[in-house]
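Novice: This one is protein00.cif, mmCIF, C-alpha atoms and all ligand atoms.
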data_structure
loop_
_atom_site.label_atom_id
_atom_site.label_comp_id
_atom_site.auth_asym_id
_atom_site.auth_seq_id
_atom_site.Cartn_x
_atom_site.Cartn_y
_atom_site.Cartn_z
CA MET H 603 96.89 25.87 63.41
CA VAL H 604 97.84 28.56 60.97
CA LYS H 605 97.38 32.22 61.77
CA ILE H 606 96.16 34.11 58.72
CA GLY H 607 95.80 37.85 58.25
CA ILE H 608 93.45 39.12 55.57
CA ILE H 609 94.55 42.68 54.97
CA VAL H 610 92.34 44.73 52.68
CA HIS H 611 91.81 48.18 51.32
CA SER H 612 88.15 48.76 50.48
CA GLN H 613 86.29 51.96 49.72
CA THR H 614 82.78 50.74 48.91
CA ASN H 615 82.83 47.43 50.82
CA ASN H 616 83.22 45.04 47.84
CA THR H 617 86.76 43.95 48.70
CA TYR H 618 85.89 43.86 52.41
CA SER H 619 82.85 41.64 51.85
CA VAL H 620 85.06 39.12 50.04
CA ALA H 621 87.39 39.18 53.06
CA GLU H 622 84.48 38.33 55.37
CA LYS H 623 83.50 35.31 53.26
CA LEU H 624 87.11 34.17 53.07
CA GLN H 625 87.46 34.53 56.84
CA LYS H 626 84.43 32.27 57.44
CA LYS H 627 85.67 29.65 55.01
CA LEU H 628 89.22 29.58 56.40
CA GLN H 629 87.96 29.49 60.01
CA LYS H 630 85.86 26.45 59.18
CA SER H 631 89.00 24.59 58.20
CA GLY H 632 90.52 25.37 61.62
CA ASN H 633 92.64 28.45 61.01
CA GLU H 634 92.79 31.56 63.14
CA VAL H 635 91.85 34.39 60.77
CA ASN H 636 91.85 38.15 61.35
CA ILE H 637 90.69 40.85 58.97
CA GLU H 638 92.55 44.16 59.09
CA THR H 639 91.93 47.22 56.94
CA VAL H 640 94.28 49.62 55.21
CA ASN H 641 92.93 53.14 55.65
CA MET H 642 94.18 56.49 54.48
CA VAL H 643 94.81 59.42 56.79
CA GLY H 644 91.94 61.83 56.15
CA GLY H 645 89.68 59.28 54.44
CA ASN H 646 89.54 58.06 50.86
CA LYS H 647 91.35 60.23 48.36
CA PRO H 648 91.79 57.93 45.39
CA GLN H 649 93.32 60.54 43.10
CA SER H 650 95.66 62.07 45.66
CA GLU H 651 99.41 61.91 45.16
CA ASP H 652 100.02 62.36 48.85
CA ILE H 653 98.58 59.29 50.54
CA GLN H 654 99.52 58.29 54.05
CA ILE H 655 98.34 55.08 55.69
CA GLU H 656 96.73 55.32 59.10
CA ASN H 657 98.09 52.73 61.56
CA PRO H 658 99.34 50.28 58.91
CA PRO H 659 98.40 46.68 59.86
CA ASP H 660 101.37 44.73 61.25
CA VAL H 661 102.12 41.49 59.36
CA THR H 662 104.69 40.06 61.75
CA GLY H 663 102.32 37.86 63.77
CA TYR H 664 100.87 36.01 60.77
CA ASP H 665 102.06 32.79 59.09
CA GLY H 666 99.90 33.46 56.05
CA LEU H 667 98.67 36.67 54.49
CA ILE H 668 95.95 37.51 52.02
CA PHE H 669 96.07 41.00 50.57
CA GLY H 670 92.91 42.34 48.88
CA SER H 671 92.38 45.58 46.99
CA PRO H 672 90.15 47.24 44.42
CA VAL H 673 91.48 48.02 40.95
CA HIS H 674 91.70 51.78 40.40
CA ALA H 675 92.42 53.33 37.00
CA PHE H 676 93.65 50.04 35.46
CA SER H 677 96.12 49.59 38.34
CA LEU H 678 96.41 48.59 41.96
CA ALA H 679 94.60 51.13 44.21
CA PRO H 680 97.33 53.56 45.38
CA ALA H 681 96.66 53.06 49.11
CA MET H 682 97.36 49.32 48.84
CA LYS H 683 100.48 49.95 46.78
CA ILE H 684 101.81 52.38 49.39
CA TYR H 685 100.89 50.03 52.23
CA LEU H 686 102.63 47.02 50.65
CA GLU H 687 105.72 49.07 49.87
CA GLN H 688 106.19 50.03 53.51
CA ILE H 689 106.09 46.43 54.82
CA GLN H 690 109.54 45.50 56.09
CA SER H 691 109.51 41.76 55.44
CA LEU H 692 107.28 38.92 54.24
CA GLN H 693 110.09 36.37 54.55
CA ASP H 694 108.87 32.78 55.03
CA LYS H 695 105.21 33.80 54.79
CA LYS H 696 102.63 32.34 52.42
CA VAL H 697 100.99 35.18 50.53
CA ALA H 698 97.82 35.13 48.42
CA LEU H 699 96.44 38.11 46.54
CA TYR H 700 93.10 39.22 45.18
CA VAL H 701 91.55 42.25 43.60
CA THR H 702 87.96 43.26 42.91
CA LYS H 703 86.97 45.29 39.88
CA SER H 704 83.83 46.35 38.09
CA LEU H 705 84.78 46.41 34.42
CA PRO H 706 84.36 43.13 32.57
CA LEU H 707 87.45 41.17 31.55
CA LYS H 708 90.50 40.63 33.69
CA PHE H 709 92.85 42.72 31.57
CA THR H 710 91.05 46.00 32.35
CA GLY H 711 93.38 46.46 35.29
CA GLY H 712 92.99 43.14 37.10
CA ASN H 713 96.03 41.31 35.81
CA ARG H 714 98.10 44.46 36.07
CA ALA H 715 97.07 45.09 39.69
CA ILE H 716 97.83 41.49 40.67
CA GLY H 717 101.21 41.78 38.93
CA GLN H 718 101.99 44.94 40.91
CA MET H 719 101.10 43.26 44.20
CA GLU H 720 103.14 40.17 43.30
CA LYS H 721 106.20 42.19 42.47
CA ILE H 722 106.17 44.15 45.73
CA CYS H 723 105.43 41.06 47.88
CA LYS H 724 108.18 39.04 46.20
CA SER H 725 110.64 41.88 46.79
CA LYS H 726 109.86 41.53 50.53
CA GLY H 727 110.59 37.80 50.45
CA GLY H 728 106.95 36.63 50.36
CA ASN H 729 106.09 33.23 48.92
CA ILE H 730 103.23 33.89 46.50
CA VAL H 731 100.92 30.88 46.60
CA GLY H 732 97.86 32.12 44.74
CA SER H 733 95.88 34.99 43.30
CA ASP H 734 92.43 35.73 41.98
CA ILE H 735 90.36 38.49 40.39
CA VAL H 736 86.72 39.01 41.36
CA ILE H 737 84.68 40.83 38.74
CA TRP H 738 81.81 42.70 40.38
CA ARG H 739 79.07 41.99 37.86
CA GLY H 740 76.88 39.09 36.81
CA ASP H 741 76.76 36.28 39.35
CA ILE H 742 79.01 37.91 41.95
CA ASP H 743 78.40 35.21 44.58
CA LYS H 744 79.62 32.60 42.14
CA ASN H 745 82.81 34.61 41.51
CA ILE H 746 83.40 35.02 45.27
CA ASN H 747 82.74 31.33 45.96
CA ALA H 748 85.30 30.39 43.32
CA LEU H 749 87.86 32.53 45.13
CA THR H 750 87.09 31.22 48.62
CA GLN H 751 87.23 27.64 47.35
CA LYS H 752 90.56 28.23 45.62
CA PHE H 753 92.11 29.94 48.64
CA SER H 754 90.83 27.32 51.10
CA LEU H 755 92.96 24.76 49.26
CA ILE H 756 96.06 26.93 49.63
CA PHE H 757 95.98 27.62 53.37
C1 LIG C 1 88.72 55.76 41.30
C2 LIG C 1 88.24 54.40 40.81
C3 LIG C 1 88.84 53.82 39.71
C4 LIG C 1 88.42 52.55 39.24
N1 LIG C 1 89.06 51.99 38.16
C5 LIG C 1 88.70 50.72 37.74
C6 LIG C 1 89.39 50.08 36.65
O1 LIG C 1 90.33 50.61 36.07
N2 LIG C 1 88.96 48.84 36.27
C7 LIG C 1 87.91 48.20 36.87
O2 LIG C 1 87.58 47.09 36.47
N3 LIG C 1 87.24 48.79 37.91
C8 LIG C 1 87.62 50.02 38.36
N4 LIG C 1 86.95 50.61 39.44
C9 LIG C 1 85.88 49.86 40.12
C10 LIG C 1 86.37 49.20 41.41
O3 LIG C 1 87.57 48.50 41.20
C11 LIG C 1 85.33 48.20 41.93
O4 LIG C 1 84.09 48.83 42.10
C12 LIG C 1 85.81 47.54 43.23
O5 LIG C 1 85.10 46.35 43.44
C13 LIG C 1 85.61 48.47 44.43
O6 LIG C 1 86.07 47.83 45.58
P1 LIG C 1 85.75 48.39 47.07
O7 LIG C 1 84.24 48.43 47.20
O8 LIG C 1 86.36 47.41 47.97
O9 LIG C 1 86.36 49.75 47.16
C14 LIG C 1 87.35 51.88 39.90
C15 LIG C 1 86.73 52.49 41.00
C16 LIG C 1 87.15 53.72 41.46
C17 LIG C 1 86.49 54.36 42.66
#
Show me, as structure tokens, the structure contained in the file I just sent.
Specialist:
Amino acid sequence: MVKIGIIVHSQTNNTYSVAEKLQKKLQKSGNEVNIETVNMVGGNKPQSEDIQIENPPDVTGYDGLIFGSPVHAFSLAPAMKIYLEQIQSLQDKKVALYVTKSLPLKFTGGNRAIGQMEKICKSKGGNIVGSDIVIWRGDIDKNINALTQKFSLIF
């Protein structure tokens, strides 16, 4: 059995709701799956330069990790960037990444945010096994199901 941590930053529940669906799907295939959240000291301050993470989730107990974040200002949300940067090691861990975003088209910050996450996770020794972008418009359930299906084949 694989122990998977889904670690998300979410300000208006979109990214978190994807994590819940992923958790269900990955549990069905026999994995132990926890969701943990990345929160800022003092609540959400998306524009702040001075972000500190409250009790950063510990990755050491997980074999696989899924990091999820919203796109903010055409980039990775700052809280997730700061959280990922302070992780000591992702050596020998499978890592999958996703972002949620509201603007149509993946290049309005989605690809860039995934690229930022990939770069940081690789620098910590993580083995990037997949990524996806969920656009929060149109048939959202269809977009989420595509992600959960894709990730269930990875872990
Ligand atoms: C400060 C801020 C900046 C945002 N910038 C972008 C953006 O550049 N591109 C985009 O597609 N969506 C952008 N969004 C929309 C969010 O990425 C989208 O609503 C996301 O699903 C929110 O996730 P959450 O509910 O987990 O916080 C922005 C939202 C906020 C609050």
Novice: Between H:Ile637, H:Val731, H:Val736, H:Ala748, which residue has the minimum interatomic distance to Gly711 (chain H), considering only C-alpha atoms?
Specialist: H:Val736
Novice: Using only C-alpha atoms and all ligand atoms, what does the table of chain H residues within 9 Å of ligand LIG 1 (chain C) look like, with each row giving the shortest atom pair and its distance in Å to one decimal, sorted by chain and ascending number, as CSV?
Specialist:
residue,atom,partner,partner_atom,distance
H:Val610,CA,C:LIG1,O8,8.1
H:His611,CA,C:LIG1,O8,6.4
H:Ser612,CA,C:LIG1,O8,3.4
H:Gln613,CA,C:LIG1,O9,3.4
H:Thr614,CA,C:LIG1,O7,3.2
H:Asn615,CA,C:LIG1,O7,4.0
H:Asn616,CA,C:LIG1,O7,3.6
H:Thr617,CA,C:LIG1,O8,3.6
H:Tyr618,CA,C:LIG1,O8,5.7
H:Ser619,CA,C:LIG1,O8,7.8
H:Val620,CA,C:LIG1,O8,8.6
H:Lys647,CA,C:LIG1,C1,8.8
H:Pro648,CA,C:LIG1,C1,5.6
H:Gln649,CA,C:LIG1,C1,6.9
H:Gly670,CA,C:LIG1,O8,8.3
H:Ser671,CA,C:LIG1,O8,6.4
H:Pro672,CA,C:LIG1,O6,4.3
H:Val673,CA,C:LIG1,O3,3.9
H:His674,CA,C:LIG1,N1,3.5
H:Ala675,CA,C:LIG1,O1,3.6
H:Phe676,CA,C:LIG1,O1,3.4
H:Ser677,CA,C:LIG1,O1,6.3
H:Leu678,CA,C:LIG1,O1,8.7
H:Ala679,CA,C:LIG1,C3,7.8
H:Val701,CA,C:LIG1,O5,7.6
H:Thr702,CA,C:LIG1,O5,4.2
H:Lys703,CA,C:LIG1,O3,3.5
H:Ser704,CA,C:LIG1,O2,4.2
H:Leu705,CA,C:LIG1,O2,3.5
H:Pro706,CA,C:LIG1,O2,6.4
H:Leu707,CA,C:LIG1,O2,7.7
H:Lys708,CA,C:LIG1,O2,7.6
H:Phe709,CA,C:LIG1,O2,8.4
H:Thr710,CA,C:LIG1,N2,5.3
H:Gly711,CA,C:LIG1,N2,5.1
H:Gly712,CA,C:LIG1,O2,6.7
H:Val736,CA,C:LIG1,O5,7.8
H:Ile737,CA,C:LIG1,O5,7.3
H:Trp738,CA,C:LIG1,O5,5.8
Novice: Within 10 Å of (102.4, 35.5, 51.6) in the file's own coordinates, which protein, DNA or RNA residues have an atom, counting all atoms listed in the file? List them as a PyMOL selection string.
Specialist: chain H and resi 606-607+661+664-669+692-699+720+723-724+726-732
Novice: Between H:Asp734, H:Asp660, H:Ala715, H:Phe753, which has the minimum distance to Lys683 (chain H) (counting all atoms listed in the file)?
Specialist: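 Using all atoms listed in the file, the shortest distance to Lys683 (chain H) belongs to H:Ala715.
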Novice: In Å, rounded to a single decimal, give me how far CA of Asn633 (chain H) is from CA of Gly663 (chain H).
Specialist: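 The value is 13.8 Å.
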Novice: Counting only C-alpha atoms, which residue out of H:Thr750, H:Met682, H:Ile742, H:Lys623 sits closest to Ile716 (chain H)?
Specialist: H:Met682
Novice: As an exercise, work out the distance from CA of Val635 (chain H) to CA of Tyr700 (chain H) in Å and give it to one decimal place.
Specialist: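 So the two atoms, CA of Val635 (chain H) and CA of Tyr700 (chain H), lie 16.4 Å apart.
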Novice: Between H:Gly717, H:Lys627, H:Ala681, H:Ala621, single out the one closest to Leu755 (chain H), counting only C-alpha atoms.
Specialist: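 That would be H:Lys627, the residue with the smallest distance to Leu755 (chain H).
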Novice: Have a look at CA of Glu634 (chain H) and CA of Pro680 (chain H) and let me know their distance in Å, one decimal.
Specialist: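 A separation of 28.6 Å between them.
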Novice: Compare H:Ile609, H:Gln625, H:Gln654, H:Lys744 by their minimum atom-to-atom distance to Glu638 (chain H), counting only C-alpha atoms, and give me the closest one.
Specialist: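 Among H:Ile609, H:Gln625, H:Gln654, H:Lys744, it is H:Ile609 that comes nearest to Glu638 (chain H).
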Novice: Tell me which of H:Asn641, H:Gln718, H:Asn636, H:Ser691 sits closest to Leu624 (chain H), counting only C-alpha atoms.
Specialist: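 The closest residue to Leu624 (chain H) is H:Asn636.
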